[in-house]
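Q: Next comes the structure file my_file.pdb, holding PDB, C-alpha atoms.
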ATOM      1  CA  MET A   6     -12.702 -21.062   0.712
ATOM      2  CA  ALA A   7     -14.962 -21.793  -2.242
ATOM      3  CA  SER A   8     -18.027 -19.584  -2.590
ATOM      4  CA  LYS A   9     -21.449 -21.121  -2.098
ATOM      5  CA  GLN A  10     -23.505 -22.069  -5.116
ATOM      6  CA  LYS A  11     -26.550 -19.850  -5.474
ATOM      7  CA  ILE A  12     -30.126 -21.056  -5.980
ATOM      8  CA  LEU A  13     -33.001 -18.779  -6.997
ATOM      9  CA  ILE A  14     -36.357 -20.102  -5.741
ATOM     10  CA  VAL A  15     -39.374 -18.810  -7.661
ATOM     11  CA  ASP A  16     -42.692 -19.679  -5.995
ATOM     12  CA  ASP A  17     -45.679 -17.541  -5.008
ATOM     13  CA  ASP A  18     -46.375 -19.786  -2.006
ATOM     14  CA  SER A  19     -44.096 -18.233   0.617
ATOM     15  CA  ASN A  20     -44.365 -21.235   2.940
ATOM     16  CA  ILE A  21     -43.140 -23.648   0.259
ATOM     17  CA  ALA A  22     -40.422 -21.243  -0.898
ATOM     18  CA  GLU A  23     -39.093 -20.732   2.634
ATOM     19  CA  LEU A  24     -39.142 -24.465   3.314
ATOM     20  CA  ILE A  25     -37.167 -25.143   0.114
ATOM     21  CA  SER A  26     -34.734 -22.393   1.092
ATOM     22  CA  LEU A  27     -34.260 -23.931   4.540
ATOM     23  CA  TYR A  28     -33.422 -27.363   3.126
ATOM     24  CA  LEU A  29     -31.007 -25.933   0.569
ATOM     25  CA  GLU A  30     -29.242 -23.684   3.045
ATOM     26  CA  LYS A  31     -28.685 -26.725   5.278
ATOM     27  CA  GLU A  32     -26.817 -28.171   2.291
ATOM     28  CA  MET A  33     -24.652 -25.027   2.158
ATOM     29  CA  PHE A  34     -26.370 -23.333  -0.779
ATOM     30  CA  GLU A  35     -27.075 -19.610  -0.834
ATOM     31  CA  THR A  36     -30.683 -18.818  -1.744
ATOM     32  CA  GLU A  37     -32.949 -15.970  -2.786
ATOM     33  CA  ILE A  38     -36.741 -16.106  -3.153
ATOM     34  CA  ALA A  39     -38.949 -14.459  -5.798
ATOM     35  CA  GLU A  40     -42.726 -14.594  -5.495
ATOM     36  CA  ASP A  41     -43.662 -13.570  -9.034
ATOM     37  CA  GLY A  42     -42.265 -13.527 -12.555
ATOM     38  CA  GLU A  43     -41.079  -9.920 -12.622
ATOM     39  CA  GLU A  44     -39.205 -10.280  -9.341
ATOM     40  CA  ALA A  45     -37.704 -13.520 -10.648
ATOM     41  CA  LEU A  46     -36.287 -11.789 -13.728
ATOM     42  CA  GLU A  47     -34.890  -8.957 -11.613
ATOM     43  CA  LEU A  48     -33.202 -11.359  -9.197
ATOM     44  CA  PHE A  49     -31.936 -13.443 -12.091
ATOM     45  CA  GLU A  50     -29.854 -10.426 -13.152
ATOM     46  CA  SER A  51     -28.800  -9.158  -9.723
ATOM     47  CA  PHE A  52     -28.345 -12.472  -7.858
ATOM     48  CA  ASP A  53     -26.874 -14.358 -10.861
ATOM     49  CA  PRO A  54     -27.892 -17.826  -9.605
ATOM     50  CA  ASP A  55     -26.185 -21.111 -10.461
ATOM     51  CA  LEU A  56     -29.601 -22.803 -10.681
ATOM     52  CA  ILE A  57     -33.280 -21.784 -10.656
ATOM     53  CA  LEU A  58     -36.155 -23.688  -9.034
ATOM     54  CA  LEU A  59     -39.114 -22.345 -10.999
ATOM     55  CA  ASP A  60     -42.779 -22.846 -10.124
ATOM     56  CA  LEU A  61     -45.072 -22.907 -13.168
ATOM     57  CA  MET A  62     -48.157 -21.289 -11.664
ATOM     58  CA  LEU A  63     -47.127 -17.705 -10.931
ATOM     59  CA  PRO A  64     -49.055 -14.425 -10.881
ATOM     60  CA  GLY A  65     -48.412 -12.318 -13.974
ATOM     61  CA  LYS A  66     -45.858 -14.089 -16.133
ATOM     62  CA  ASP A  67     -46.053 -17.838 -15.607
ATOM     63  CA  GLY A  68     -43.116 -20.209 -15.287
ATOM     64  CA  TYR A  69     -43.155 -21.125 -18.976
ATOM     65  CA  GLN A  70     -42.721 -17.465 -19.986
ATOM     66  CA  ILE A  71     -39.990 -16.920 -17.396
ATOM     67  CA  CYS A  72     -38.174 -19.997 -18.713
ATOM     68  CA  ARG A  73     -38.366 -18.645 -22.279
ATOM     69  CA  GLU A  74     -36.943 -15.259 -21.273
ATOM     70  CA  ILE A  75     -34.121 -16.743 -19.226
ATOM     71  CA  ARG A  76     -33.215 -19.234 -21.965
ATOM     72  CA  ALA A  77     -32.977 -16.362 -24.457
ATOM     73  CA  LYS A  78     -30.185 -14.906 -22.310
ATOM     74  CA  ARG A  79     -28.305 -17.721 -20.601
ATOM     75  CA  ASP A  80     -27.925 -21.477 -20.055
ATOM     76  CA  THR A  81     -28.489 -21.318 -16.280
ATOM     77  CA  PRO A  82     -29.969 -24.688 -15.191
ATOM     78  CA  ILE A  83     -33.712 -24.614 -14.498
ATOM     79  CA  ILE A  84     -35.737 -27.158 -12.541
ATOM     80  CA  MET A  85     -39.472 -26.651 -12.925
ATOM     81  CA  LEU A  86     -41.809 -27.194  -9.978
ATOM     82  CA  SER A  87     -45.456 -27.971 -10.621
ATOM     83  CA  ALA A  88     -48.530 -29.718  -9.300
ATOM     84  CA  LYS A  89     -49.243 -30.627 -12.928
ATOM     85  CA  GLY A  90     -47.981 -34.133 -13.587
ATOM     86  CA  GLU A  91     -49.316 -34.662 -17.100
ATOM     87  CA  THR A  92     -46.862 -35.743 -19.779
ATOM     88  CA  PHE A  93     -47.769 -32.711 -21.928
ATOM     89  CA  ASP A  94     -46.719 -30.284 -19.192
ATOM     90  CA  LYS A  95     -43.445 -32.114 -18.580
ATOM     91  CA  VAL A  96     -42.543 -32.254 -22.269
ATOM     92  CA  LEU A  97     -43.468 -28.586 -22.788
ATOM     93  CA  GLY A  98     -41.248 -27.594 -19.893
ATOM     94  CA  LEU A  99     -38.323 -29.593 -21.280
ATOM     95  CA  GLU A 100     -38.855 -28.229 -24.779
ATOM     96  CA  LEU A 101     -38.685 -24.689 -23.413
ATOM     97  CA  GLY A 102     -35.288 -25.472 -21.931
ATOM     98  CA  ALA A 103     -35.878 -26.834 -18.424
ATOM     99  CA  ASP A 104     -33.274 -29.318 -17.203
ATOM    100  CA  ASP A 105     -35.599 -31.251 -14.913
ATOM    101  CA  TYR A 106     -39.202 -31.291 -13.709
ATOM    102  CA  ILE A 107     -40.377 -31.988 -10.147
ATOM    103  CA  ILE A 108     -44.023 -32.689  -9.327
ATOM    104  CA  LYS A 109     -45.529 -31.247  -6.145
ATOM    105  CA  PRO A 110     -45.758 -32.400  -3.455
ATOM    106  CA  PHE A 111     -42.186 -33.651  -3.445
ATOM    107  CA  ASP A 112     -39.827 -35.155  -0.917
ATOM    108  CA  SER A 113     -37.250 -32.658   0.333
ATOM    109  CA  LYS A 114     -34.379 -35.140   0.022
ATOM    110  CA  GLU A 115     -35.317 -35.906  -3.585
ATOM    111  CA  MET A 116     -35.496 -32.184  -4.376
ATOM    112  CA  VAL A 117     -32.027 -31.583  -2.940
ATOM    113  CA  ALA A 118     -30.667 -34.642  -4.787
ATOM    114  CA  ARG A 119     -32.051 -33.374  -8.083
ATOM    115  CA  VAL A 120     -30.559 -29.930  -7.520
ATOM    116  CA  LYS A 121     -27.149 -31.467  -6.864
ATOM    117  CA  ALA A 122     -27.450 -33.805  -9.870
ATOM    118  CA  VAL A 123     -28.308 -30.968 -12.265
ATOM    119  CA  LEU A 124     -25.472 -28.812 -10.910
ATOM    120  CA  ARG A 125     -23.007 -31.710 -11.350
ATOM    121  CA  ARG A 126     -24.062 -32.086 -14.988
ATOM    122  CA  TYR A 127     -23.919 -28.404 -15.773
ATOM    123  CA  ARG A 128     -20.706 -26.947 -17.097
ATOM    124  CA  PRO A 129     -20.822 -23.401 -18.482
ATOM    125  CA  ALA A 130     -19.537 -23.038 -22.012
ATOM    126  CA  PRO A 131     -16.736 -20.496 -22.398
ATOM    127  CA  LYS A 132     -17.855 -17.067 -23.598
ATOM    128  CA  THR A 133     -15.064 -16.939 -26.157
ATOM    129  CA  PRO A 134     -13.651 -19.860 -28.121
ATOM    130  CA  ILE A 135     -10.459 -21.396 -26.772
ATOM    131  CA  PRO A 136      -8.022 -22.553 -29.454
ATOM    132  CA  ALA A 137      -7.836 -26.318 -29.552
ATOM    133  CA  LYS A 138      -4.594 -27.736 -28.253
ATOM    134  CA  ASN A 139      -2.924 -31.035 -29.001
ATOM    135  CA  GLY A 140      -5.058 -33.798 -27.573
ATOM    136  CA  ALA A 141      -8.301 -31.819 -27.857
ATOM    137  CA  LYS A 142     -11.387 -33.966 -28.306
ATOM    138  CA  VAL A 143     -12.854 -32.912 -31.641
ATOM    139  CA  ALA A 144     -15.384 -34.476 -34.004
ATOM    140  CA  GLU A 145     -14.875 -32.823 -37.383
ATOM    141  CA  TYR A 146     -16.878 -33.129 -40.594
ATOM    142  CA  LYS A 147     -17.625 -30.908 -43.566
ATOM    143  CA  ASN A 148     -19.362 -27.776 -42.214
ATOM    144  CA  LEU A 149     -19.290 -29.091 -38.638
ATOM    145  CA  VAL A 150     -16.643 -29.065 -35.901
ATOM    146  CA  VAL A 151     -17.625 -30.138 -32.387
ATOM    147  CA  ASN A 152     -14.904 -29.519 -29.799
ATOM    148  CA  ILE A 153     -15.770 -31.009 -26.428
ATOM    149  CA  THR A 154     -12.505 -29.772 -24.902
ATOM    150  CA  ASN A 155     -13.587 -26.141 -25.064
ATOM    151  CA  TYR A 156     -17.324 -26.772 -25.557
ATOM    152  CA  SER A 157     -17.591 -25.058 -28.927
ATOM    153  CA  VAL A 158     -19.491 -25.908 -32.108
ATOM    154  CA  LEU A 159     -18.670 -24.480 -35.522
ATOM    155  CA  TYR A 160     -21.400 -24.942 -38.113
ATOM    156  CA  ASN A 161     -20.941 -23.610 -41.645
ATOM    157  CA  GLY A 162     -17.970 -21.620 -40.352
ATOM    158  CA  LYS A 163     -19.906 -19.858 -37.596
ATOM    159  CA  GLU A 164     -19.864 -20.577 -33.877
ATOM    160  CA  LEU A 165     -23.201 -21.697 -32.478
ATOM    161  CA  VAL A 166     -24.461 -20.840 -29.022
ATOM    162  CA  MET A 167     -25.545 -24.167 -27.518
ATOM    163  CA  PRO A 168     -26.140 -25.366 -23.945
ATOM    164  CA  PRO A 169     -23.511 -27.780 -22.602
ATOM    165  CA  LYS A 170     -25.770 -30.842 -22.698
ATOM    166  CA  GLU A 171     -26.603 -30.297 -26.373
ATOM    167  CA  ILE A 172     -22.882 -30.053 -27.167
ATOM    168  CA  GLU A 173     -22.123 -33.200 -25.165
ATOM    169  CA  LEU A 174     -24.899 -35.137 -26.889
ATOM    170  CA  LEU A 175     -23.856 -33.954 -30.353
ATOM    171  CA  TYR A 176     -20.205 -34.775 -29.687
ATOM    172  CA  PHE A 177     -21.014 -38.220 -28.289
ATOM    173  CA  LEU A 178     -22.957 -39.136 -31.436
ATOM    174  CA  ALA A 179     -20.586 -37.450 -33.921
ATOM    175  CA  SER A 180     -17.489 -39.001 -32.357
ATOM    176  CA  GLN A 181     -18.928 -42.485 -32.956
ATOM    177  CA  PRO A 182     -20.362 -42.254 -36.487
ATOM    178  CA  ASN A 183     -22.904 -44.804 -37.740
ATOM    179  CA  GLN A 184     -23.258 -46.373 -34.307
ATOM    180  CA  VAL A 185     -26.827 -46.647 -33.031
ATOM    181  CA  PHE A 186     -27.508 -45.702 -29.412
ATOM    182  CA  THR A 187     -30.717 -46.278 -27.508
ATOM    183  CA  ARG A 188     -32.286 -43.413 -25.612
ATOM    184  CA  GLU A 189     -31.398 -45.189 -22.370
ATOM    185  CA  GLN A 190     -27.732 -45.427 -23.398
ATOM    186  CA  LEU A 191     -27.624 -41.736 -24.300
ATOM    187  CA  LEU A 192     -29.330 -40.804 -21.052
ATOM    188  CA  ASP A 193     -26.772 -42.815 -19.108
ATOM    189  CA  HIS A 194     -23.714 -41.506 -21.001
ATOM    190  CA  ILE A 195     -24.705 -37.831 -21.085
ATOM    191  CA  TRP A 196     -26.813 -37.310 -17.969
ATOM    192  CA  GLY A 197     -25.463 -40.086 -15.765
ATOM    193  CA  TYR A 198     -27.070 -43.054 -14.080
ATOM    194  CA  GLU A 199     -28.315 -40.904 -11.184
ATOM    195  CA  TYR A 200     -30.494 -38.811 -13.485
ATOM    196  CA  VAL A 201     -34.131 -39.064 -12.429
ATOM    197  CA  GLY A 202     -35.756 -37.821 -15.631
ATOM    198  CA  ASP A 203     -37.035 -39.991 -18.491
ATOM    199  CA  THR A 204     -35.974 -40.740 -22.057
ATOM    200  CA  ARG A 205     -38.062 -37.871 -23.474
ATOM    201  CA  THR A 206     -35.195 -35.659 -22.315
ATOM    202  CA  VAL A 207     -33.061 -37.158 -25.095
ATOM    203  CA  ASP A 208     -35.774 -36.531 -27.714
ATOM    204  CA  VAL A 209     -36.131 -32.911 -26.624
ATOM    205  CA  HIS A 210     -32.375 -32.266 -26.835
ATOM    206  CA  ILE A 211     -32.141 -33.939 -30.262
ATOM    207  CA  LYS A 212     -35.005 -31.709 -31.443
ATOM    208  CA  ARG A 213     -33.175 -28.597 -30.222
ATOM    209  CA  ILE A 214     -29.945 -29.678 -31.944
ATOM    210  CA  ARG A 215     -31.797 -30.295 -35.211
ATOM    211  CA  GLU A 216     -33.297 -26.814 -35.042
ATOM    212  CA  LYS A 217     -29.756 -25.382 -35.077
ATOM    213  CA  ILE A 218     -27.940 -27.915 -37.265
ATOM    214  CA  LYS A 219     -29.408 -29.175 -40.523
ATOM    215  CA  ASP A 220     -28.469 -32.493 -42.145
ATOM    216  CA  GLN A 221     -25.809 -32.354 -44.844
ATOM    217  CA  SER A 222     -25.242 -34.438 -47.955
ATOM    218  CA  ASN A 223     -22.538 -36.515 -46.261
ATOM    219  CA  TRP A 224     -23.748 -36.594 -42.638
ATOM    220  CA  ALA A 225     -26.982 -36.455 -40.689
ATOM    221  CA  ILE A 226     -28.485 -37.057 -37.252
ATOM    222  CA  ARG A 227     -30.806 -39.990 -37.874
ATOM    223  CA  THR A 228     -33.684 -41.385 -35.846
ATOM    224  CA  VAL A 229     -33.619 -45.172 -35.723
ATOM    225  CA  TRP A 230     -37.280 -45.872 -35.114
ATOM    226  CA  GLY A 231     -38.022 -47.960 -32.066
ATOM    227  CA  ILE A 232     -34.395 -47.802 -30.919
ATOM    228  CA  GLY A 233     -32.768 -44.371 -30.687
ATOM    229  CA  TYR A 234     -30.373 -42.220 -32.690
ATOM    230  CA  LYS A 235     -27.154 -42.277 -34.678
ATOM    231  CA  PHE A 236     -24.846 -39.804 -36.416
ATOM    232  CA  GLU A 237     -24.888 -41.192 -39.948
ATOM    233  CA  VAL A 238     -21.875 -40.569 -42.171
ATOM    234  CA  ARG A 239     -22.044 -41.433 -45.840
ATOM    235  CA  GLN A 240     -18.917 -42.017 -47.905
ATOM    236  CA  ARG A 241     -18.868 -40.171 -51.222
TER     237      ARG A 241
END
Could I get this structure in the form of structure tokens?

A:
Amino acid sequence: MASKQKILIVDDDSNIAELISLYLEKEMFETEIAEDGEEALELFESFDPDLILLDLMLPGKDGYQICREIRAKRDTPIIMLSAKGETFDKVLGLELGADDYIIKPFDSKEMVARVKAVLRRYRPAPKTPIPAKNGAKVAEYKNLVVNITNYSVLYNGKELVMPPKEIELLYFLASQPNQVFTREQLLDHIWGYEYVGDTRTVDVHIKRIREKIKDQSNWAIRTVWGIGYKFEVRQR
């Protein structure tokens, strides 16, 4: 029998946290609740959740700081919960590494659907590289090898640590050089039609990729203003 997927709920409002836990346990998830940032970090290590529901307004360390510290260690999916619905707060959360953002108050069915959608999209990258076999899906250029079969990226001869969605987005662009894709197309191909976020998610992931991978003389990740992005390859 397959083990239950584990959800860590981080919220200082015990009533909300217990209600979320009840809904998730009805869907056969295993849950733990943390009421502040320090407890959240402790449970993150001991409980080893498959996904974290993280409230932003916490006593002590807030949700943004907790997200930073978790992202420095692992790629565990994070859905932020907040009463703040401003675009700035959403974008900041995504830039820090959140996978989705839910505004309070929220519908319980929508919350469960988002949890399931994020878990479906998430695929842990292997801790050690797996040698590519015949038939492996690889996009290879000078100083860059993106292998979607084993979710690895070699840049300037060194393996990069990248979350699965960044690897998928990079591979999708690099495997179809010079083709322009709209943000909506990328959102659909990488996150799936059921994704309930917006196109800023694509911009945030492109920004993160660019922070790790710099343009080369013969290839570059280009912004096509007003449209989207392309992996530009120049013949020399």

Q: Under the rule that all atoms listed in the file are counted, which of A:Lys66, A:Arg227, A:Lys109, A:Lys11 is the nearest residue to A:Thr81?

A: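 Of A:Lys66, A:Arg227, A:Lys109, A:Lys11, the one nearest A:Thr81 is A:Lys11, counting all atoms listed in the file.
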
Q: Looking at only C-alpha atoms, which of A:Leu178, A:Ala45, A:Leu27, A:Ile107 is the one that sits closest to A:Gln70?

A: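 Using only C-alpha atoms, the shortest distance to A:Gln70 belongs to A:Ala45.
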
Q: Give me, as a list in words, all polymer residues having an atom no more than 10 Å from A:Ile38, counting only C-alpha atoms and skipping those fewer than 3 positions away in the same chain.

A: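 My reading of the contact set: Ile12, Leu13, Ile14, Val15, Asp16, Asp17, Ser19, Ala22, Glu23, Ile25, Ser26, Asp41, Glu44, Ala45, Leu48 and Leu58 of chain A.
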
Q: Hey, can you spit out that residue selection with C-alpha atoms as a PDB file, keeping the file's coordinate frame?

A:
ATOM      1  CA  ILE A  12     -30.126 -21.056  -5.980  1.00  0.00           C
ATOM      2  CA  LEU A  13     -33.001 -18.779  -6.997  1.00  0.00           C
ATOM      3  CA  ILE A  14     -36.357 -20.102  -5.741  1.00  0.00           C
ATOM      4  CA  VAL A  15     -39.374 -18.810  -7.661  1.00  0.00           C
ATOM      5  CA  ASP A  16     -42.692 -19.679  -5.995  1.00  0.00           C
ATOM      6  CA  ASP A  17     -45.679 -17.541  -5.008  1.00  0.00           C
ATOM      7  CA  SER A  19     -44.096 -18.233   0.617  1.00  0.00           C
ATOM      8  CA  ALA A  22     -40.422 -21.243  -0.898  1.00  0.00           C
ATOM      9  CA  GLU A  23     -39.093 -20.732   2.634  1.00  0.00           C
ATOM     10  CA  ILE A  25     -37.167 -25.143   0.114  1.00  0.00           C
ATOM     11  CA  SER A  26     -34.734 -22.393   1.092  1.00  0.00           C
ATOM     12  CA  ASP A  41     -43.662 -13.570  -9.034  1.00  0.00           C
ATOM     13  CA  GLU A  44     -39.205 -10.280  -9.341  1.00  0.00           C
ATOM     14  CA  ALA A  45     -37.704 -13.520 -10.648  1.00  0.00           C
ATOM     15  CA  LEU A  48     -33.202 -11.359  -9.197  1.00  0.00           C
ATOM     16  CA  LEU A  58     -36.155 -23.688  -9.034  1.00  0.00           C
TER      17      LEU A  58
END

Q: Starting from the shown file, work through the PyMOL selection byres ((chain A and resi 183) around 8) and note down what comes out as an NGL selection string.

A: :A and (181-182 or 184-185 or 235-238)

Q: For the PyMOL selection byres ((chain A and resi 143) around 8), applied here, can you spell out every residue it catches as a PyMOL selection string?

A: chain A and resi 141-142+144-145+150-154+176+180

Q: For each of A:Tyr28, A:Trp196, A:Trp224, A:Tyr234, take the minimum atom-to-atom distance to A:Ile211, counting all atoms listed in the file, then give the residue where this is smallest.

A: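 For A:Ile211, the nearest of the candidates is A:Tyr234.
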
Q: Pick out the residues sitting within 10 Å of A:Gln10, and hand them over as number ranges by chain; count all atoms listed in the file, and ignore anything fewer than 2 positions along from it in its own chain.

A: A: 7-8, 12, 33-36, 54-56, 124

Q: What is the atom CA of A:Val209-atom CA of A:Leu99 distance in Å, reported with one decimal?

A: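 Separation of atom CA of A:Val209 and atom CA of A:Leu99: 6.7 Å.
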
Q: Give the answer as one residue: which of A:Gln190, A:Leu101, A:Ser113, A:Gly233 has the shortest atom-to-atom distance to A:Arg213, using all atoms listed in the file?

A: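 Result for the nearest residue to A:Arg213: A:Leu101.
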
Q: To one decimal in Å, tell me the separation between atom CA of A:Gly98 and atom CA of A:Asp220.

A: 26.1 Å

Q: Specify the axis-aligned box that encloses all atoms of stretch 102-116 of chain A listed in the file after padding of 4 Å on each side, stating its centre and edge lengths in Å to one decimal as lines of an AutoDock Vina configuration file.

A:
center_x = -39.5
center_y = -30.7
center_z = -10.8
size_x = 20.5
size_y = 18.4
size_z = 30.3
